[in-house]
Each structure stands twice: as structure tokens, then as C-alpha cells.
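The next block is structure.cif, given as mmCIF, C-alpha atoms.
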```cif
data_target
loop_
_atom_site.label_atom_id
_atom_site.label_comp_id
_atom_site.auth_asym_id
_atom_site.auth_seq_id
_atom_site.Cartn_x
_atom_site.Cartn_y
_atom_site.Cartn_z
CA MET A 1 58.40 18.05 56.14
CA ASN A 2 56.16 20.63 54.73
CA ARG A 3 52.46 20.30 54.40
CA ALA A 4 52.45 19.58 50.62
CA THR A 5 54.99 16.78 51.00
CA ARG A 6 53.01 15.15 53.81
CA LEU A 7 49.83 15.34 51.75
CA LEU A 8 51.58 13.76 48.77
CA ALA A 9 53.02 10.99 50.95
CA ALA A 10 49.57 10.30 52.42
CA LEU A 11 48.02 10.04 48.97
CA ILE A 12 50.72 7.67 47.74
CA ALA A 13 50.32 5.48 50.82
CA THR A 14 46.51 5.42 50.38
CA GLY A 15 46.90 4.42 46.70
CA LEU A 16 49.33 1.59 47.56
CA ILE A 17 47.00 0.27 50.25
CA ALA A 18 44.05 0.38 47.80
CA VAL A 19 46.00 -1.52 45.12
CA ALA A 20 47.23 -4.12 47.60
CA SER A 21 43.80 -4.70 49.12
CA GLY A 22 42.11 -4.92 45.70
CA ARG A 23 44.62 -7.46 44.55
CA ALA A 24 43.96 -9.59 47.52
CA THR A 25 40.30 -10.07 46.48
CA PHE A 26 41.17 -12.00 43.29
CA ALA A 27 41.46 -15.76 43.46
CA ALA A 28 44.47 -17.53 42.10
CA PHE A 29 42.24 -20.24 40.47
CA THR A 30 39.17 -19.54 38.31
CA ARG A 31 36.64 -21.50 36.22
CA THR A 32 33.62 -20.45 34.11
CA THR A 33 30.54 -22.12 32.72
CA SER A 34 28.29 -20.97 29.89
CA ASN A 35 25.04 -21.70 28.12
CA THR A 36 25.48 -20.95 24.42
CA ALA A 37 23.64 -21.34 21.11
CA ASN A 38 20.16 -20.71 22.50
CA ALA A 39 17.77 -20.63 19.53
CA TYR A 40 14.30 -19.24 19.05
CA ALA A 41 12.03 -19.77 16.04
CA SER A 42 8.60 -18.34 15.34
CA GLY A 43 5.66 -20.50 14.30
CA THR A 44 3.79 -20.30 11.01
CA VAL A 45 0.24 -19.87 9.77
CA ALA A 46 -0.33 -21.20 6.24
CA ILE A 47 -3.51 -22.03 4.35
CA ALA A 48 -4.32 -23.02 0.76
CA ASP A 49 -7.19 -24.31 -1.34
CA ASN A 50 -7.42 -26.71 -4.26
CA ASP A 51 -8.90 -24.34 -6.88
CA ALA A 52 -5.64 -23.90 -8.83
CA GLY A 53 -6.66 -20.29 -9.48
CA THR A 54 -9.94 -21.12 -11.21
CA VAL A 55 -13.49 -20.02 -10.34
CA MET A 56 -15.94 -22.26 -8.49
CA TRP A 57 -18.78 -21.38 -10.85
CA ASN A 58 -19.45 -19.30 -13.92
CA VAL A 59 -23.04 -19.98 -14.96
CA THR A 60 -25.40 -18.13 -17.29
CA ASN A 61 -29.11 -18.20 -18.18
CA GLN A 62 -30.18 -19.54 -14.79
CA LEU A 63 -33.88 -19.88 -14.03
CA PRO A 64 -35.55 -20.31 -10.65
CA THR A 65 -36.41 -23.81 -11.88
CA SER A 66 -32.82 -24.60 -12.87
CA PRO A 67 -31.02 -27.09 -10.63
CA ALA A 68 -29.06 -25.40 -7.86
CA VAL A 69 -25.37 -24.86 -8.56
CA VAL A 70 -23.44 -27.06 -6.11
CA ARG A 71 -19.66 -26.71 -5.87
CA CYS A 72 -16.98 -27.80 -3.40
CA ILE A 73 -13.56 -26.48 -2.46
CA ARG A 74 -11.01 -28.11 -0.16
CA VAL A 75 -9.09 -25.85 2.25
CA THR A 76 -5.90 -27.22 3.82
CA TYR A 77 -3.93 -25.81 6.73
CA THR A 78 -0.16 -26.34 6.80
CA GLY A 79 0.93 -23.94 9.55
CA SER A 80 2.80 -25.06 12.66
CA LEU A 81 0.57 -23.12 15.11
CA PRO A 82 -3.01 -24.04 16.04
CA ALA A 83 -5.32 -21.65 14.19
CA THR A 84 -8.85 -20.47 13.61
CA VAL A 85 -10.02 -20.23 10.00
CA SER A 86 -12.76 -17.82 8.99
CA LEU A 87 -14.64 -17.58 5.67
CA TYR A 88 -15.75 -14.18 4.35
CA THR A 89 -16.05 -12.03 1.24
CA THR A 90 -14.88 -8.54 0.35
CA THR A 91 -16.66 -8.49 -3.00
CA ALA A 92 -18.77 -5.40 -3.67
CA ALA A 93 -22.54 -5.68 -3.94
CA SER A 94 -24.00 -6.68 -7.31
CA ALA A 95 -27.52 -6.50 -8.77
CA LEU A 96 -28.42 -10.19 -8.41
CA ASP A 97 -27.29 -10.49 -4.76
CA PRO A 98 -30.76 -9.96 -3.17
CA HIS A 99 -32.24 -12.65 -5.46
CA LEU A 100 -29.56 -15.31 -5.10
CA ASN A 101 -29.78 -17.84 -2.25
CA ILE A 102 -26.58 -19.36 -0.90
CA THR A 103 -25.95 -22.15 1.61
CA VAL A 104 -22.51 -23.13 2.92
CA GLU A 105 -21.74 -26.49 4.53
CA LYS A 106 -18.55 -27.96 5.93
CA GLY A 107 -17.63 -31.60 5.52
CA SER A 108 -15.33 -34.10 3.92
CA MET A 109 -14.96 -36.00 0.66
CA PRO A 110 -12.40 -38.38 -0.84
CA ALA A 111 -9.01 -36.81 -1.50
CA ALA A 112 -9.18 -37.84 -5.17
CA THR A 113 -12.27 -35.68 -5.81
CA THR A 114 -11.20 -32.82 -8.04
CA PHE A 115 -12.21 -29.17 -7.74
CA PRO A 116 -15.03 -28.05 -7.96
CA ASN A 117 -16.82 -31.40 -7.83
CA CYS A 118 -18.61 -32.61 -4.70
CA THR A 119 -18.61 -36.35 -5.40
CA ASN A 120 -19.22 -38.29 -2.17
CA PHE A 121 -19.30 -35.13 -0.04
CA VAL A 122 -20.29 -35.90 3.56
CA SER A 123 -21.73 -32.90 5.40
CA GLN A 124 -20.62 -32.31 9.00
CA ALA A 125 -22.69 -29.14 9.50
CA THR A 126 -24.35 -26.23 7.75
CA ILE A 127 -22.32 -23.15 8.66
CA SER A 128 -24.46 -20.66 6.74
CA ALA A 129 -28.10 -21.60 6.29
CA ALA A 130 -29.95 -20.58 3.15
CA GLY A 131 -29.98 -16.81 2.87
CA THR A 132 -29.33 -14.26 0.18
CA LEU A 133 -25.92 -13.48 -1.19
CA GLN A 134 -26.68 -9.88 -0.26
CA ALA A 135 -27.06 -10.85 3.41
CA PHE A 136 -23.85 -12.91 3.27
CA LYS A 137 -21.88 -10.02 1.75
CA THR A 138 -23.25 -7.60 4.35
CA ALA A 139 -22.60 -9.82 7.38
CA ARG A 140 -19.37 -11.62 6.43
CA THR A 141 -16.81 -8.93 5.55
CA GLY A 142 -13.66 -9.96 7.41
CA PHE A 143 -12.06 -12.42 9.81
CA ALA A 144 -13.84 -11.06 12.91
CA ASN A 145 -17.36 -11.49 11.51
CA GLY A 146 -16.64 -14.29 9.06
CA LEU A 147 -17.81 -17.88 9.35
CA PRO A 148 -15.43 -19.85 11.56
CA ALA A 149 -15.36 -23.57 10.88
CA PHE A 150 -13.15 -26.35 12.19
CA PRO A 151 -12.49 -29.87 10.90
CA GLY A 152 -14.94 -32.27 12.58
CA ALA A 153 -15.45 -31.48 16.27
CA GLN A 154 -12.04 -29.83 16.69
CA THR A 155 -11.68 -26.34 18.13
CA ALA A 156 -8.50 -25.51 16.21
CA TRP A 157 -6.94 -26.19 12.84
CA ASN A 158 -3.64 -28.08 13.09
CA ASN A 159 -0.95 -28.91 10.57
CA ALA A 160 -2.27 -31.05 7.66
CA ASP A 161 -5.95 -30.52 8.57
CA SER A 162 -8.33 -30.03 5.66
CA LEU A 163 -11.99 -29.21 5.36
CA VAL A 164 -14.30 -29.21 2.35
CA TYR A 165 -16.78 -26.36 1.93
CA ARG A 166 -19.87 -27.05 -0.18
CA PHE A 167 -21.65 -24.05 -1.69
CA THR A 168 -25.22 -24.35 -2.96
CA VAL A 169 -26.45 -21.39 -5.01
CA GLN A 170 -29.96 -20.89 -6.45
CA VAL A 171 -31.75 -18.01 -8.18
CA GLN A 172 -34.97 -17.04 -6.38
CA ASN A 173 -38.32 -17.22 -8.13
CA ALA A 174 -38.63 -13.44 -8.39
CA PHE A 175 -39.52 -11.41 -11.47
CA ALA A 176 -37.00 -8.74 -10.38
CA ALA A 177 -34.13 -11.24 -10.81
CA GLN A 178 -34.45 -11.34 -14.61
CA GLY A 179 -31.39 -10.31 -16.61
CA LEU A 180 -29.26 -9.44 -13.56
CA THR A 181 -25.73 -10.60 -12.80
CA GLY A 182 -23.89 -11.32 -9.58
CA LEU A 183 -20.29 -11.73 -8.60
CA VAL A 184 -18.68 -13.03 -5.43
CA GLY A 185 -15.25 -14.13 -4.30
CA PHE A 186 -14.52 -15.95 -1.06
CA THR A 187 -11.58 -15.61 1.32
CA TRP A 188 -10.42 -18.06 3.97
CA GLU A 189 -8.19 -16.44 6.57
CA ALA A 190 -6.22 -18.31 9.23
CA GLN A 191 -5.06 -16.66 12.46
CA ASN A 192 -3.11 -18.41 15.15
CA GLN A 193 -4.91 -19.06 18.43
#
```

Target encoding C-alpha cells, full file:
Amino acid sequence: MNRATRLLAALIATGLIAVASGRATFAAFTRTTSNTANAYASGTVAIADNDAGTVMWNVTNQLPTSPAVVRCIRVTYTGSLPATVSLYTTTAASALDPHLNITVEKGSMPAATTFPNCTNFVSQATISAAGTLQAFKTARTGFANGLPAFPGAQTAWNNADSLVYRFTVQVQNAFAAQGLTGLVGFTWEAQNQ
């Protein structure tokens, strides 16, 4: 037998041995198990207020001796994740801001009380003591430096929680406040904890 024939015979024999030994490693009986239909859903953060798209106040001809403007708005959280809610404004400065005092309280009131009334409001805490609207606009510009507030003594907002914010606004007794106007909008932002 020549060398090429022997080499070919050796290769064929090696291949047959490999096939036979590989076949011997498979079992005649098999079974499997599985874990299917695993699901994953993300949580939600959702917040709304009861203003129905209307302003809290639109007053004219205010005097320092005029009664303070007192208005309430109810904020309700409907997300599935615990959250922190922060109050802030992104409204640009206006001429009356340094002469307009604003106080913000958190509390509760009967569900039947309509926006922007504060009938039977019960204060839980003052979250922004009397200061100028100018100071509020400068300090409270986004979630990170806004006014966090939680219902009651809680440390998170949970689904179906609500909180009433009472705003008290008064023109200062300052000659420089005459004939000026001011504008402010408020934002409540919820972020999951």
C-alpha cells in the first residue's frame, strides 16, 4: 500500500471513530422544561390639578389696603410609583414682583370645594413664608430648587394622594408699586423616588 492510500485509510478510520464516539454521547430519552411568558412593565408618574385650565387669580386696581388675594388649587397624584412633587415657576420677571408678597401653604379641604376657592381649608404647614414674588421667581426655578411638599407627614406621594396649596398674595405698601403689573404661573412636577 502506498503512502497516500495509508493516509486516506487512516483519515477514514479516524472519522468513523469520531462519528461513533459522538453518537454514543446522546441519550435515547430526553425531556425539557421551560419558563415562558415572563413580563415586565414600567411604572408611571402622573400628576394633575383641578384648575380646568383657568387662572388662579386675575385682579386689578389692588391697593396695599385691599384684602389679600387668597386662592387654592388641589394637586392629585395618580402615578403607580412613589414620587416627590416640587412646586416652582419659570415665569419671567415682571415689574410688580419686588412689591408683591406671596405665601404658600399646604393643607386639605373638602373634596367638594371648587377651584379656586379655599372654603374650609385646613393648613398643615407653610411651605413658603411671606416673601416677594421676585424672591420666589429667583429661588424656585425648577424641580431641584422648587418647593417639595408631601401630603400630611408622608415622605412620598402615592397613587390617589392629593394636596391643596393655598396662595396668599398682597401688594406691599410702597409708592413704587403704583401702576405696575405682575404675572406668574406655577408648575408642579412629580419625579419618581

Name the closest residue to A:Val85 among the candidates A:Pro64, A:Pro98, A:Gly182, A:Pro151; distances are taken between atoms, counting all atoms listed in the file. A:Pro151

Give me the result of the PyMOL selection byres ((chain A and resi 93) around 10) on this file, residue by residue, as a PyMOL selection string. chain A and resi 90-92+94-98+133-134+137-138+182-184

Can you turn the PyMOL selection byres ((chain A and resi 67-84) around 9) into a concrete residue list for this file, as a count of residues only? 54

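Here atom CA of A:Ala52 is placed at a distance of 22.8 Å from atom CA of A:Phe143.
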
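Interatomic distance, atom CA of A:Thr141 against atom CA of A:Gly185: 11.2 Å.
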
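With all atoms listed in the file as the atoms that count, the residue of A:Gly152, A:Gly53, A:Gly179, A:Gly146 with the shortest distance to A:Lys106 is A:Gly152.
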
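Taking atom CA of A:Thr187 and atom CA of A:Asn120 as endpoints, the distance between them is 24.2 Å.
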
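Proximity to A:Ala174 was assessed for A:Asn101, A:Thr60, A:Ser42, A:Gln154 counting only C-alpha atoms; the smallest distance is recorded for A:Asn101.
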